[in-house]
Each structure stands twice: as C-alpha cells, then as structure tokens.
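Here is query25.cif, consisting of mmCIF, C-alpha atoms:
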data_upload
loop_
_atom_site.label_atom_id
_atom_site.label_comp_id
_atom_site.auth_asym_id
_atom_site.auth_seq_id
_atom_site.Cartn_x
_atom_site.Cartn_y
_atom_site.Cartn_z
CA MET R 6 0.00 0.00 0.00
CA THR R 7 1.14 3.52 -0.80
CA ASN R 8 0.40 6.45 1.46
CA ALA R 9 -0.72 9.97 0.66
CA GLY R 10 2.86 11.27 0.94
CA ASP R 11 3.86 9.38 -2.21
CA ALA R 12 1.28 11.09 -4.34
CA ARG R 13 2.34 14.53 -3.23
CA THR R 14 5.76 14.10 -4.72
CA ARG R 15 4.40 13.74 -8.24
CA SER R 16 3.03 16.06 -10.88
CA GLY R 17 1.50 19.46 -10.33
CA ARG R 18 -1.96 17.95 -10.14
CA ARG R 19 -4.00 18.27 -7.00
CA PRO R 20 -2.60 16.33 -4.03
CA GLY R 21 -4.80 14.83 -1.35
CA THR R 22 -6.92 17.47 0.36
CA PRO R 23 -10.15 17.20 2.34
CA GLY R 24 -12.14 17.53 -0.90
CA THR R 25 -10.06 15.05 -2.88
CA ARG R 26 -11.88 11.90 -1.87
CA GLN R 27 -15.24 13.41 -2.81
CA ALA R 28 -13.87 14.79 -6.09
CA ILE R 29 -12.70 11.31 -7.04
CA LEU R 30 -16.05 9.80 -6.11
CA ASP R 31 -17.91 12.40 -8.18
CA ALA R 32 -15.66 11.89 -11.19
CA ALA R 33 -15.93 8.11 -10.87
CA ARG R 34 -19.72 8.20 -10.60
CA ALA R 35 -19.93 10.28 -13.77
CA ARG R 36 -17.51 8.05 -15.70
CA PHE R 37 -19.10 4.79 -14.59
CA ALA R 38 -22.55 6.09 -15.51
CA GLU R 39 -21.32 7.40 -18.84
CA VAL R 40 -19.24 4.56 -20.22
CA GLY R 41 -19.82 1.65 -17.83
CA PHE R 42 -17.48 -0.13 -15.45
CA ASP R 43 -15.27 -1.83 -18.01
CA LYS R 44 -14.50 1.25 -20.08
CA ALA R 45 -14.05 3.68 -17.20
CA SER R 46 -10.30 3.66 -16.54
CA ILE R 47 -8.73 4.81 -13.29
CA ARG R 48 -6.62 7.11 -15.46
CA SER R 49 -9.66 8.83 -16.97
CA ILE R 50 -11.32 9.14 -13.56
CA ALA R 51 -8.16 10.64 -12.09
CA ALA R 52 -7.94 13.08 -14.99
CA ALA R 53 -11.54 14.17 -14.51
CA ALA R 54 -10.89 14.69 -10.79
CA ARG R 55 -7.57 16.39 -11.59
CA VAL R 56 -5.54 14.10 -9.35
CA ASP R 57 -2.78 11.59 -9.88
CA PRO R 58 -4.04 8.05 -10.62
CA ALA R 59 -1.93 6.79 -7.71
CA LEU R 60 -4.07 8.87 -5.39
CA VAL R 61 -7.20 7.10 -6.63
CA HIS R 62 -5.64 3.75 -5.79
CA HIS R 63 -4.44 5.13 -2.48
CA TYR R 64 -7.90 6.24 -1.42
CA PHE R 65 -9.98 3.42 -2.88
CA GLY R 66 -7.83 0.43 -3.85
CA THR R 67 -8.92 -1.36 -7.03
CA LYS R 68 -11.36 -0.08 -9.64
CA GLN R 69 -13.94 -2.49 -8.26
CA ASP R 70 -13.41 -1.12 -4.74
CA LEU R 71 -13.90 2.37 -6.16
CA PHE R 72 -17.15 1.31 -7.81
CA VAL R 73 -18.42 -0.19 -4.56
CA ALA R 74 -17.66 3.12 -2.85
CA VAL R 75 -19.42 5.08 -5.61
CA ILE R 76 -22.66 3.18 -5.20
CA ALA R 77 -22.19 3.17 -1.41
CA LEU R 78 -22.55 -0.59 -1.35
CA PRO R 79 -22.19 -1.84 2.23
CA VAL R 80 -21.45 -5.40 1.10
CA ASP R 81 -18.39 -6.70 -0.69
CA PRO R 82 -19.55 -8.16 -4.02
CA ARG R 83 -16.68 -10.65 -3.87
CA LEU R 84 -18.83 -12.68 -1.48
CA VAL R 85 -21.21 -13.30 -4.36
CA LEU R 86 -18.57 -13.52 -7.06
CA ASP R 87 -16.57 -16.22 -5.28
CA ALA R 88 -19.67 -18.36 -4.77
CA ILE R 89 -20.65 -18.05 -8.42
CA THR R 90 -17.18 -18.80 -9.69
CA ALA R 91 -17.02 -21.98 -7.63
CA ALA R 92 -20.42 -23.25 -8.82
CA PRO R 93 -20.64 -26.04 -11.40
CA LEU R 94 -22.46 -24.90 -14.53
CA ASP R 95 -25.41 -27.23 -14.04
CA GLN R 96 -26.06 -25.80 -10.56
CA LEU R 97 -25.30 -22.18 -11.35
CA GLY R 98 -28.91 -21.04 -10.87
CA GLU R 99 -29.09 -22.41 -7.35
CA HIS R 100 -25.66 -21.14 -6.32
CA LEU R 101 -26.32 -17.67 -7.72
CA LEU R 102 -29.67 -17.49 -5.96
CA ARG R 103 -28.28 -18.67 -2.62
CA ALA R 104 -25.33 -16.26 -2.73
CA VAL R 105 -27.37 -13.22 -3.70
CA VAL R 106 -30.29 -13.81 -1.34
CA THR R 107 -27.89 -14.48 1.52
CA VAL R 108 -26.36 -11.04 0.91
CA TRP R 109 -29.77 -9.33 0.75
CA ASP R 110 -30.82 -10.96 3.99
CA SER R 111 -27.53 -10.14 5.78
CA PRO R 112 -27.10 -7.14 8.10
CA GLY R 113 -25.41 -5.20 5.29
CA GLY R 114 -28.13 -6.21 2.87
CA ASN R 115 -30.55 -3.49 3.94
CA GLY R 116 -28.06 -0.89 2.81
CA ALA R 117 -27.65 -2.63 -0.52
CA VAL R 118 -31.41 -2.74 -0.97
CA ALA R 119 -31.66 0.94 -0.04
CA ALA R 120 -29.00 1.82 -2.61
CA PHE R 121 -30.88 -0.13 -5.27
CA ARG R 122 -34.12 1.54 -4.25
CA GLY R 123 -32.56 4.96 -4.60
CA VAL R 124 -31.37 4.21 -8.11
CA ILE R 125 -34.74 2.89 -9.21
CA GLY R 126 -36.45 5.90 -7.66
CA GLY R 127 -34.40 8.57 -9.29
CA GLY R 128 -30.71 7.72 -9.48
CA ASP R 129 -28.73 6.72 -12.51
CA PRO R 130 -29.82 3.35 -13.93
CA ALA R 131 -26.50 3.05 -15.74
CA LEU R 132 -24.73 2.46 -12.44
CA VAL R 133 -26.94 -0.48 -11.52
CA ARG R 134 -26.76 -1.81 -15.06
CA THR R 135 -22.98 -1.80 -15.15
CA PHE R 136 -22.82 -3.27 -11.63
CA LEU R 137 -25.02 -6.20 -12.61
CA LEU R 138 -23.65 -6.86 -16.07
CA ASP R 139 -19.99 -5.83 -15.84
CA ILE R 140 -19.25 -6.95 -12.29
CA ILE R 141 -21.70 -9.51 -10.88
CA LEU R 142 -22.64 -11.33 -14.09
CA LYS R 143 -19.58 -10.76 -16.26
CA ASP R 144 -17.94 -14.11 -15.60
CA VAL R 145 -21.31 -15.85 -15.78
CA ARG R 146 -22.02 -14.38 -19.22
CA ARG R 147 -18.81 -15.86 -20.57
CA ARG R 148 -19.53 -19.26 -19.04
CA VAL R 149 -23.11 -19.55 -20.34
CA ASP R 150 -22.43 -18.27 -23.86
CA SER R 151 -23.70 -21.43 -25.54
CA PRO R 152 -24.72 -21.36 -28.30
CA ARG R 153 -22.21 -18.59 -28.91
CA GLY R 154 -23.82 -15.15 -28.72
CA SER R 155 -26.58 -16.20 -26.33
CA GLY R 156 -24.70 -15.19 -23.16
CA GLY R 157 -26.03 -11.65 -23.16
CA THR R 158 -29.64 -12.79 -23.43
CA ARG R 159 -29.11 -15.42 -20.74
CA VAL R 160 -27.69 -13.04 -18.15
CA ALA R 161 -30.26 -10.31 -18.94
CA LEU R 162 -33.11 -12.77 -18.34
CA THR R 163 -31.38 -14.00 -15.18
CA ALA R 164 -31.02 -10.42 -13.99
CA SER R 165 -34.72 -9.78 -14.65
CA GLN R 166 -35.76 -12.62 -12.32
CA MET R 167 -33.24 -11.69 -9.62
CA ILE R 168 -34.23 -8.02 -9.71
CA GLY R 169 -37.91 -8.92 -9.48
CA LEU R 170 -37.22 -11.22 -6.56
CA LEU R 171 -35.34 -8.42 -4.81
CA VAL R 172 -38.21 -5.97 -5.31
CA ALA R 173 -40.91 -8.48 -4.34
CA ARG R 174 -39.05 -9.79 -1.26
CA LYS R 175 -37.23 -6.75 0.10
CA ILE R 176 -39.13 -3.69 -1.11
CA LEU R 177 -42.77 -4.54 -1.78
CA GLY R 178 -42.96 -7.33 0.80
CA ILE R 179 -45.09 -9.60 -1.37
CA GLU R 180 -45.96 -12.73 0.60
CA PRO R 181 -45.15 -15.56 0.70
CA VAL R 182 -42.02 -14.60 -1.27
CA ALA R 183 -41.00 -12.04 1.36
CA SER R 184 -40.87 -14.64 4.14
CA MET R 185 -39.69 -17.73 2.29
CA SER R 186 -36.51 -19.45 3.43
CA VAL R 187 -33.63 -19.52 1.00
CA ASP R 188 -34.31 -23.24 0.49
CA GLU R 189 -37.91 -22.55 -0.53
CA LEU R 190 -36.79 -19.84 -2.92
CA VAL R 191 -34.31 -22.27 -4.43
CA THR R 192 -37.06 -24.83 -4.95
CA HIS R 193 -39.30 -22.36 -6.72
CA VAL R 194 -36.95 -19.98 -8.52
CA ALA R 195 -33.67 -21.81 -9.17
CA PRO R 196 -35.22 -23.81 -12.06
CA THR R 197 -36.12 -20.50 -13.74
CA LEU R 198 -32.58 -19.21 -13.37
CA GLN R 199 -31.04 -22.49 -14.51
CA ARG R 200 -33.19 -22.51 -17.66
CA TYR R 201 -32.22 -18.92 -18.45
CA LEU R 202 -28.54 -19.74 -17.88
CA THR R 203 -28.12 -23.10 -19.57
CA GLY R 204 -31.50 -24.31 -20.83
CA GLU R 205 -33.11 -24.35 -24.24
CA LEU R 206 -34.51 -20.83 -24.60
CA GLU R 207 -36.49 -21.28 -27.75
CA SER R 208 -39.30 -23.71 -27.23
CA ASP R 209 -39.37 -25.55 -23.92
CA SER R 210 -42.15 -24.89 -21.46
CA MET S 20 -74.35 9.22 -13.11
CA THR S 21 -75.21 11.54 -10.23
CA ASN S 22 -74.00 15.10 -10.14
CA ALA S 23 -72.57 17.16 -7.32
CA GLY S 24 -75.94 18.75 -6.62
CA ASP S 25 -77.34 15.44 -5.39
CA ALA S 26 -74.72 15.09 -2.73
CA ARG S 27 -75.30 18.58 -1.42
CA THR S 28 -78.86 17.72 -0.42
CA ARG S 29 -77.73 15.06 2.02
CA SER S 30 -76.21 15.04 5.47
CA GLY S 31 -74.34 17.85 7.15
CA ARG S 32 -71.05 16.45 5.93
CA ARG S 33 -68.83 18.43 3.64
CA PRO S 34 -70.31 18.98 0.15
CA GLY S 35 -68.15 19.24 -2.94
CA THR S 36 -65.70 22.12 -2.70
CA PRO S 37 -62.45 22.78 -4.53
CA GLY S 38 -60.58 20.79 -1.87
CA THR S 39 -63.00 17.86 -1.76
CA ARG S 40 -61.50 15.86 -4.60
CA GLN S 41 -58.05 16.07 -3.05
CA ALA S 42 -59.39 15.24 0.41
CA ILE S 43 -60.98 12.08 -0.98
CA LEU S 44 -57.76 11.12 -2.77
CA ASP S 45 -55.73 11.65 0.39
CA ALA S 46 -58.14 9.62 2.50
CA ALA S 47 -58.27 6.86 -0.10
CA ARG S 48 -54.49 6.68 -0.41
CA ALA S 49 -54.18 6.30 3.36
CA ARG S 50 -56.90 3.61 3.57
CA PHE S 51 -55.63 1.60 0.59
CA ALA S 52 -52.12 1.67 1.99
CA GLU S 53 -53.31 0.74 5.48
CA VAL S 54 -55.75 -2.11 4.85
CA GLY S 55 -55.40 -2.93 1.13
CA PHE S 56 -57.80 -2.57 -1.75
CA ASP S 57 -60.29 -5.24 -0.73
CA LYS S 58 -60.80 -4.07 2.84
CA ALA S 59 -60.87 -0.33 2.13
CA SER S 60 -64.57 0.50 1.74
CA ILE S 61 -65.87 3.58 0.00
CA ARG S 62 -67.80 4.23 3.20
CA SER S 63 -64.65 4.28 5.32
CA ILE S 64 -62.83 6.47 2.81
CA ALA S 65 -65.74 8.90 2.72
CA ALA S 66 -65.82 9.01 6.52
CA ALA S 67 -62.10 9.76 6.68
CA ALA S 68 -62.55 12.56 4.13
CA ARG S 69 -65.69 13.74 5.95
CA VAL S 70 -67.86 13.58 2.82
CA ASP S 71 -70.91 11.61 1.78
CA PRO S 72 -70.07 8.27 0.09
CA ALA S 73 -72.19 9.35 -2.89
CA LEU S 74 -69.75 12.16 -3.46
CA VAL S 75 -66.87 9.69 -3.72
CA HIS S 76 -68.75 7.79 -6.40
CA HIS S 77 -69.66 11.03 -8.10
CA TYR S 78 -66.07 12.17 -8.33
CA PHE S 79 -64.39 8.87 -9.05
CA GLY S 80 -66.86 6.16 -10.10
CA THR S 81 -66.11 2.68 -8.76
CA LYS S 82 -63.64 1.79 -6.03
CA GLN S 83 -61.30 0.50 -8.71
CA ASP S 84 -61.54 3.81 -10.56
CA LEU S 85 -60.72 5.57 -7.30
CA PHE S 86 -57.68 3.36 -6.79
CA VAL S 87 -56.47 4.09 -10.31
CA ALA S 88 -56.80 7.80 -9.55
CA VAL S 89 -54.93 7.41 -6.24
CA ILE S 90 -51.91 5.83 -7.87
CA ALA S 91 -52.23 8.24 -10.82
CA LEU S 92 -52.29 5.34 -13.24
CA PRO S 93 -52.65 6.64 -16.79
CA VAL S 94 -53.80 3.25 -18.11
CA ASP S 95 -57.05 1.44 -17.41
CA PRO S 96 -56.17 -1.89 -15.75
CA ARG S 97 -59.29 -3.42 -17.32
CA LEU S 98 -57.27 -3.72 -20.54
CA VAL S 99 -55.08 -6.25 -18.78
CA LEU S 100 -57.82 -7.84 -16.71
CA ASP S 101 -60.01 -8.60 -19.71
CA ALA S 102 -57.13 -10.26 -21.55
CA ILE S 103 -56.27 -12.39 -18.55
CA THR S 104 -59.85 -13.43 -17.91
CA ALA S 105 -60.26 -14.57 -21.49
CA ALA S 106 -57.06 -16.66 -21.48
CA PRO S 107 -57.20 -20.46 -21.22
CA LEU S 108 -55.39 -21.71 -18.15
CA ASP S 109 -52.68 -23.52 -20.08
CA GLN S 110 -51.77 -20.30 -21.93
CA LEU S 111 -52.17 -17.91 -19.02
CA GLY S 112 -48.45 -17.11 -18.82
CA GLU S 113 -48.28 -15.99 -22.42
CA HIS S 114 -51.52 -13.99 -22.31
CA LEU S 115 -50.56 -12.27 -19.07
CA LEU S 116 -47.15 -11.37 -20.44
CA ARG S 117 -48.54 -10.05 -23.74
CA ALA S 118 -51.21 -7.95 -22.04
CA VAL S 119 -48.91 -6.41 -19.46
CA VAL S 120 -45.98 -5.70 -21.77
CA THR S 121 -48.34 -4.17 -24.34
CA VAL S 122 -49.53 -1.74 -21.66
CA TRP S 123 -45.96 -0.87 -20.59
CA ASP S 124 -44.97 -0.22 -24.19
CA SER S 125 -48.09 1.88 -24.94
CA PRO S 126 -48.13 5.70 -24.86
CA GLY S 127 -49.70 5.63 -21.40
CA GLY S 128 -47.19 3.06 -20.24
CA ASN S 129 -44.46 5.57 -19.46
CA GLY S 130 -46.71 7.13 -16.87
CA ALA S 131 -47.41 3.74 -15.33
CA VAL S 132 -43.69 2.99 -15.19
CA ALA S 133 -43.03 6.40 -13.63
CA ALA S 134 -45.69 5.73 -10.98
CA PHE S 135 -44.11 2.37 -10.20
CA ARG S 136 -40.69 3.96 -10.06
CA GLY S 137 -41.90 6.56 -7.59
CA VAL S 138 -43.28 3.90 -5.29
CA ILE S 139 -40.10 1.84 -5.39
CA GLY S 140 -38.03 4.94 -4.78
CA GLY S 141 -39.85 6.23 -1.76
CA GLY S 142 -43.60 5.83 -2.01
CA ASP S 143 -45.78 3.36 -0.18
CA PRO S 144 -45.10 -0.23 -1.22
CA ALA S 145 -48.50 -1.25 0.14
CA LEU S 146 -50.21 0.56 -2.74
CA VAL S 147 -48.29 -1.39 -5.39
CA ARG S 148 -48.75 -4.61 -3.45
CA THR S 149 -52.51 -4.26 -3.23
CA PHE S 150 -52.70 -3.19 -6.88
CA LEU S 151 -50.85 -6.28 -8.03
CA LEU S 152 -52.40 -8.83 -5.70
CA ASP S 153 -55.92 -7.50 -5.10
CA ILE S 154 -56.65 -6.08 -8.55
CA ILE S 155 -54.44 -7.44 -11.33
CA LEU S 156 -53.80 -10.95 -10.00
CA LYS S 157 -56.86 -11.56 -7.83
CA ASP S 158 -58.81 -13.57 -10.39
CA VAL S 159 -55.65 -15.38 -11.47
CA ARG S 160 -54.90 -16.45 -7.90
CA ARG S 161 -58.29 -18.12 -7.64
CA ARG S 162 -57.87 -19.89 -10.98
CA VAL S 163 -54.41 -21.28 -10.29
CA ASP S 164 -55.08 -22.41 -6.73
CA SER S 165 -54.21 -26.04 -7.44
CA PRO S 166 -53.29 -27.82 -5.28
CA ARG S 167 -55.51 -25.80 -2.97
CA GLY S 168 -53.55 -23.20 -1.04
CA SER S 169 -50.83 -22.79 -3.66
CA GLY S 170 -52.46 -19.82 -5.43
CA GLY S 171 -50.78 -17.22 -3.26
CA THR S 172 -47.32 -18.65 -3.89
CA ARG S 173 -48.02 -18.95 -7.61
CA VAL S 174 -49.10 -15.34 -8.10
CA ALA S 175 -46.30 -14.00 -5.87
CA LEU S 176 -43.69 -15.81 -7.97
CA THR S 177 -45.42 -14.62 -11.15
CA ALA S 178 -45.37 -11.06 -9.82
CA SER S 179 -41.65 -11.36 -9.04
CA GLN S 180 -40.83 -12.20 -12.67
CA MET S 181 -43.14 -9.53 -14.11
CA ILE S 182 -41.76 -6.85 -11.77
CA GLY S 183 -38.20 -7.79 -12.66
CA LEU S 184 -39.02 -7.67 -16.34
CA LEU S 185 -40.53 -4.21 -15.89
CA VAL S 186 -37.44 -2.93 -14.08
CA ALA S 187 -34.98 -4.55 -16.50
CA ARG S 188 -36.84 -3.45 -19.64
CA LYS S 189 -38.30 -0.05 -18.75
CA ILE S 190 -36.14 1.37 -15.96
CA LEU S 191 -32.63 -0.09 -16.09
CA GLY S 192 -32.64 -0.65 -19.85
CA ILE S 193 -30.82 -3.99 -19.66
CA GLU S 194 -30.20 -5.25 -23.20
CA PRO S 195 -31.31 -7.29 -25.00
CA VAL S 196 -34.39 -7.47 -22.75
CA ALA S 197 -35.05 -3.75 -23.17
CA SER S 198 -35.35 -4.01 -26.97
CA MET S 199 -36.91 -7.44 -27.40
CA SER S 200 -40.19 -7.72 -29.25
CA VAL S 201 -43.16 -9.00 -27.30
CA ASP S 202 -42.88 -12.26 -29.25
CA GLU S 203 -39.27 -12.74 -28.16
CA LEU S 204 -40.19 -12.02 -24.56
CA VAL S 205 -42.97 -14.57 -24.82
CA THR S 206 -40.52 -17.17 -26.11
CA HIS S 207 -38.10 -16.59 -23.26
CA VAL S 208 -40.25 -15.65 -20.28
CA ALA S 209 -43.74 -17.12 -20.79
CA PRO S 210 -42.51 -20.64 -19.86
CA THR S 211 -41.33 -19.23 -16.53
CA LEU S 212 -44.71 -17.64 -15.85
CA GLN S 213 -46.61 -20.72 -16.95
CA ARG S 214 -44.60 -22.92 -14.60
CA TYR S 215 -45.20 -20.55 -11.70
CA LEU S 216 -48.93 -20.45 -12.53
CA THR S 217 -49.76 -24.07 -13.30
CA GLY S 218 -46.56 -26.13 -13.20
CA GLU S 219 -45.10 -28.44 -10.62
CA LEU S 220 -43.35 -26.10 -8.20
CA GLU S 221 -41.53 -28.62 -6.10
CA SER S 222 -38.96 -30.45 -8.10
CA ASP S 223 -38.92 -29.85 -11.85
CA SER S 224 -36.02 -28.08 -13.46
#
Could I get this structure in the form of structure tokens?
Amino acid sequence: MTNAGDARTRSGRRPGTPGTRQAILDAARARFAEVGFDKASIRSIAAAARVDPALVHHYFGTKQDLFVAVIALPVDPRLVLDAITAAPLDQLGEHLLRAVVTVWDSPGGNGAVAAFRGVIGGGDPALVRTFLLDIILKDVRRRVDSPRGSGGTRVALTASQMIGLLVARKILGIEPVASMSVDELVTHVAPTLQRYLTGELESDS
Amino acid sequence: MTNAGDARTRSGRRPGTPGTRQAILDAARARFAEVGFDKASIRSIAAAARVDPALVHHYFGTKQDLFVAVIALPVDPRLVLDAITAAPLDQLGEHLLRAVVTVWDSPGGNGAVAAFRGVIGGGDPALVRTFLLDIILKDVRRRVDSPRGSGGTRVALTASQMIGLLVARKILGIEPVASMSVDELVTHVAPTLQRYLTGELESDS
C-alpha cells in the first residue's frame, strides 16, 4: 500500500486534500454512468478529478473497490462472485440465488437494498446496469455463452428474475415470497434461473 | 351518473368544494395503503374525508376507478384484466405477459412505469402490493389455486418475474431485454410464468 505522501511528490496535479476523496467519487460516478465499469479507466477518472491516478488507488484500492464506494454498497460483491465462480455450470442457478439472497438478507443487505431503491427511484440506472452486467454477471455471461452469442440474453433474463425477486421480497414485501426461506426460494426460482442460464430458450415450457 | 348537486342535499357532511376531490384522494391513499384494496370500503374512505359516500362515487366512479386515480395510473387496468380473464389456463403465462408488456410499451405506459418507479423509490409499497395482488392478480390467484392453497405462492412468484421484467426493460434498460419484441419475450419468459402459474413447483427443473 502507498500512502498519501507518495502522491504529493508527483506532478503538479491536485494532491490529497479534504475535498479530494469526494472529487474522485464524483468523477468516478460520472464516468461509470457514462461509459460503464469496463470502459471507465482509473486514469480517466483521475484526470476528470484532476488528481494523480496513484491517489485514486491510495484512497480506494482497485477499480472495483472504487465502484463499490461510488454506489455506497455496504457489502463486498466478492462474497457473491466467489460463490458463483465456484459453482458447477449445471447448478449455477441455485448457487447464484443462494449467494445473492444471503447477501440481501444479511445485516449489510438493507443498505444494498436501499442503494438499489434509490437508483430505481431517481438515481442513474446506468450504475446499476454496469454493476449487474460488468461486475456480478460478467464471468457468468462468458460461461453460459452457448450457443455462442446467447450469453447476453441469458444473463439479462437471469437479472430480470433476480431483480424482481429483490423488489418483491425486500421492497414490496409480497408474501409468501417475502418470508420464504432460501431453500424454498431455491425450490421455486432456481429452475427458472437455470433454464435462463443453460436451458433451451427457444421452445421448452 | 349523479351530479354534485345530489350530494349537497344530504347530510351535514362536507359537500363538494375545490378541496374535496383532493381530500378524498388523500383519505383513499391512506386507507388503501393501510388495509389494502379489498378491505378499504368507499364508506370508510368517505368518513375519513368527511364527505358523503355518494360524493366519492360522483367524483371517481367505482372503487377500482378511485384506486387508479390514487396511484395516478394513466392506463385502465381493465385492458389487462379482460385479456387475462379470457385466457385459457394452459396459456395464461403468455396472455398475461402479452397484455402487461403491451400496456408498458403503450403511450400511457411511461406514466405507469413512472408511478411504479416513484413507489419503489420512496412511495408506499402497500399501494403497489394491493394493486398487483388484489386487482391485477386476484382472479388469477383463484384460478391457479391447485393444489388448494398454492395460489398465493403462484401469483407472488409470477409477480416477481413480471416486476423484474418491468425494471430490466423499462427502468434499467438492460439489453437485449429492453429491446426485445413482445414475441421474443414470450418465447423466453412465458414458460417461466406458466410454470409458476400451473406447473409443478416442487422439483422440476
């Protein structure tokens, strides 16, 4: 890890000041919303905030850490990502569902739900979109891209069911979905996710 | 149809004045949110607004019309309800999906999406919940209650997929779901809805 002293020895750009952290967050939010997570480079964010890129890393760590800070996510998405990565393809629906619902239902989950709610209500949809597609579901899209080119459709459909489950369970409180155990949700909803991820999308029913 | 003059001949309660319409809307919003659509009587709403029940009917028509006014819905839900009622049980998923997506994509649909967005963002979830369960899906719940007692689970799961589709397509703009034709959505999503409505929920995949 570097410390703030390192950054101050560099170019004439703004060193760390009380407003620096917020300036980086503002610049990052704008870039992520504009071009998405993948295309928003730390360099371009640093330039927009008029600071050295090293200072961005110093304050926030990786680009993914910076994104988590931008959307004020109180839960580390790696908890979900690790569970998904470890899941065999034919059980991906169940593993994804268990990992995500466990996060929602955790102490930090309320904050994540509140952040989502704020975006739906009036925030920037591009931030949620890039979070879902470029961070949470990026590796999944690659793994389920069979036949080739179908990965995007598969993860978008998967996202639609997961988003609806989040809204029904955590925001609208639609029973019995709001009170179901994770096991019950898996019984009912994992087959939907598994079909979207690896099933025949054209004509089964 | 009655006219405002009729109501003025009745009890000592407040006759129609410029603030009456809003007072009825406010009272109705509170009652619907508190006890749901089914249990909120016109009589109790009128009492809370301190007007004659006839005046509520005069201003708003039926209780369903009043609810539509409360949530500022720019689309008549009967368009969806009629399509659902006419659908054979084994095609209910497809008919429901077609009817609802057609409304979302209609000129009035943007207003409906905006109303939904406002509720998710900070409004009263109870209003959306009672709209979905006590108006849109009430008849469906009765029809799909097989085995007996499963109807509530079936419509809640159905609602979760429809809500997620709404958010993905109309709010977050997740491609390719956002741009799919209704026919493509039917191909991909109707099997999910049909399984939730009439399929085996325990163990198929």
Around (-45.8, -10.4, -0.9), as given in the file, which residues come within 10 Å? Count all atoms listed in the file and list them as a PDB file with C-alpha atoms, in the frame of the given file.
ATOM      1  CA  VAL R 172     -38.210  -5.970  -5.310  1.00  0.00           C
ATOM      2  CA  ALA R 173     -40.910  -8.480  -4.340  1.00  0.00           C
ATOM      3  CA  ARG R 174     -39.050  -9.790  -1.260  1.00  0.00           C
ATOM      4  CA  LYS R 175     -37.230  -6.750   0.100  1.00  0.00           C
ATOM      5  CA  ILE R 176     -39.130  -3.690  -1.110  1.00  0.00           C
ATOM      6  CA  LEU R 177     -42.770  -4.540  -1.780  1.00  0.00           C
ATOM      7  CA  GLY R 178     -42.960  -7.330   0.800  1.00  0.00           C
ATOM      8  CA  ILE R 179     -45.090  -9.600  -1.370  1.00  0.00           C
ATOM      9  CA  GLU R 180     -45.960 -12.730   0.600  1.00  0.00           C
ATOM     10  CA  PRO R 181     -45.150 -15.560   0.700  1.00  0.00           C
ATOM     11  CA  VAL R 182     -42.020 -14.600  -1.270  1.00  0.00           C
ATOM     12  CA  ALA R 183     -41.000 -12.040   1.360  1.00  0.00           C
ATOM     13  CA  SER R 184     -40.870 -14.640   4.140  1.00  0.00           C
TER      14      SER R 184
ATOM     15  CA  ALA S 145     -48.500  -1.250   0.140  1.00  0.00           C
ATOM     16  CA  ARG S 148     -48.750  -4.610  -3.450  1.00  0.00           C
ATOM     17  CA  THR S 149     -52.510  -4.260  -3.230  1.00  0.00           C
ATOM     18  CA  LEU S 151     -50.850  -6.280  -8.030  1.00  0.00           C
ATOM     19  CA  LEU S 152     -52.400  -8.830  -5.700  1.00  0.00           C
ATOM     20  CA  GLY S 171     -50.780 -17.220  -3.260  1.00  0.00           C
ATOM     21  CA  THR S 172     -47.320 -18.650  -3.890  1.00  0.00           C
ATOM     22  CA  VAL S 174     -49.100 -15.340  -8.100  1.00  0.00           C
ATOM     23  CA  ALA S 175     -46.300 -14.000  -5.870  1.00  0.00           C
ATOM     24  CA  LEU S 176     -43.690 -15.810  -7.970  1.00  0.00           C
ATOM     25  CA  ALA S 178     -45.370 -11.060  -9.820  1.00  0.00           C
ATOM     26  CA  SER S 179     -41.650 -11.360  -9.040  1.00  0.00           C
TER      27      SER S 179
END
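Here atom CA of R:Gly116 and atom CA of R:His100 stand 22.3 Å from one another.
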Counting all atoms listed in the file, I want the residues whose atoms come within 12 Å of (-14.8, -18.4, -16.9) in the file frame, returned as an MDAnalysis selection string.
chainID R and resid 86:87 89:94 142:150
Find the residues around R:Gly113 up to 8 Å (only C-alpha atoms counted), leave out those fewer than 4 positions away in its own chain, and share them as an NGL selection string.
:R and (79-80 or 108-109 or 117)
Would you write out, as a PyMOL selection string, every residue that the PyMOL selection byres ((chain R and resi 99) around 10) captures in this file?
chain R and resi 89+92+95-98+100-104+187-188+190-192+194-199
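Nearest to chain S of all the residues R:Ser46, R:Thr163, R:Gln69, R:Ser186 is R:Thr163, based on all atoms listed in the file.
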Might you pull out every residue within 8 Å of R:Leu132, with all atoms listed in the file counted and same-chain residues fewer than 3 positions away left off, and present them as a PyMOL selection string?
chain R and resi 34+37-38+41+76+129+135-136
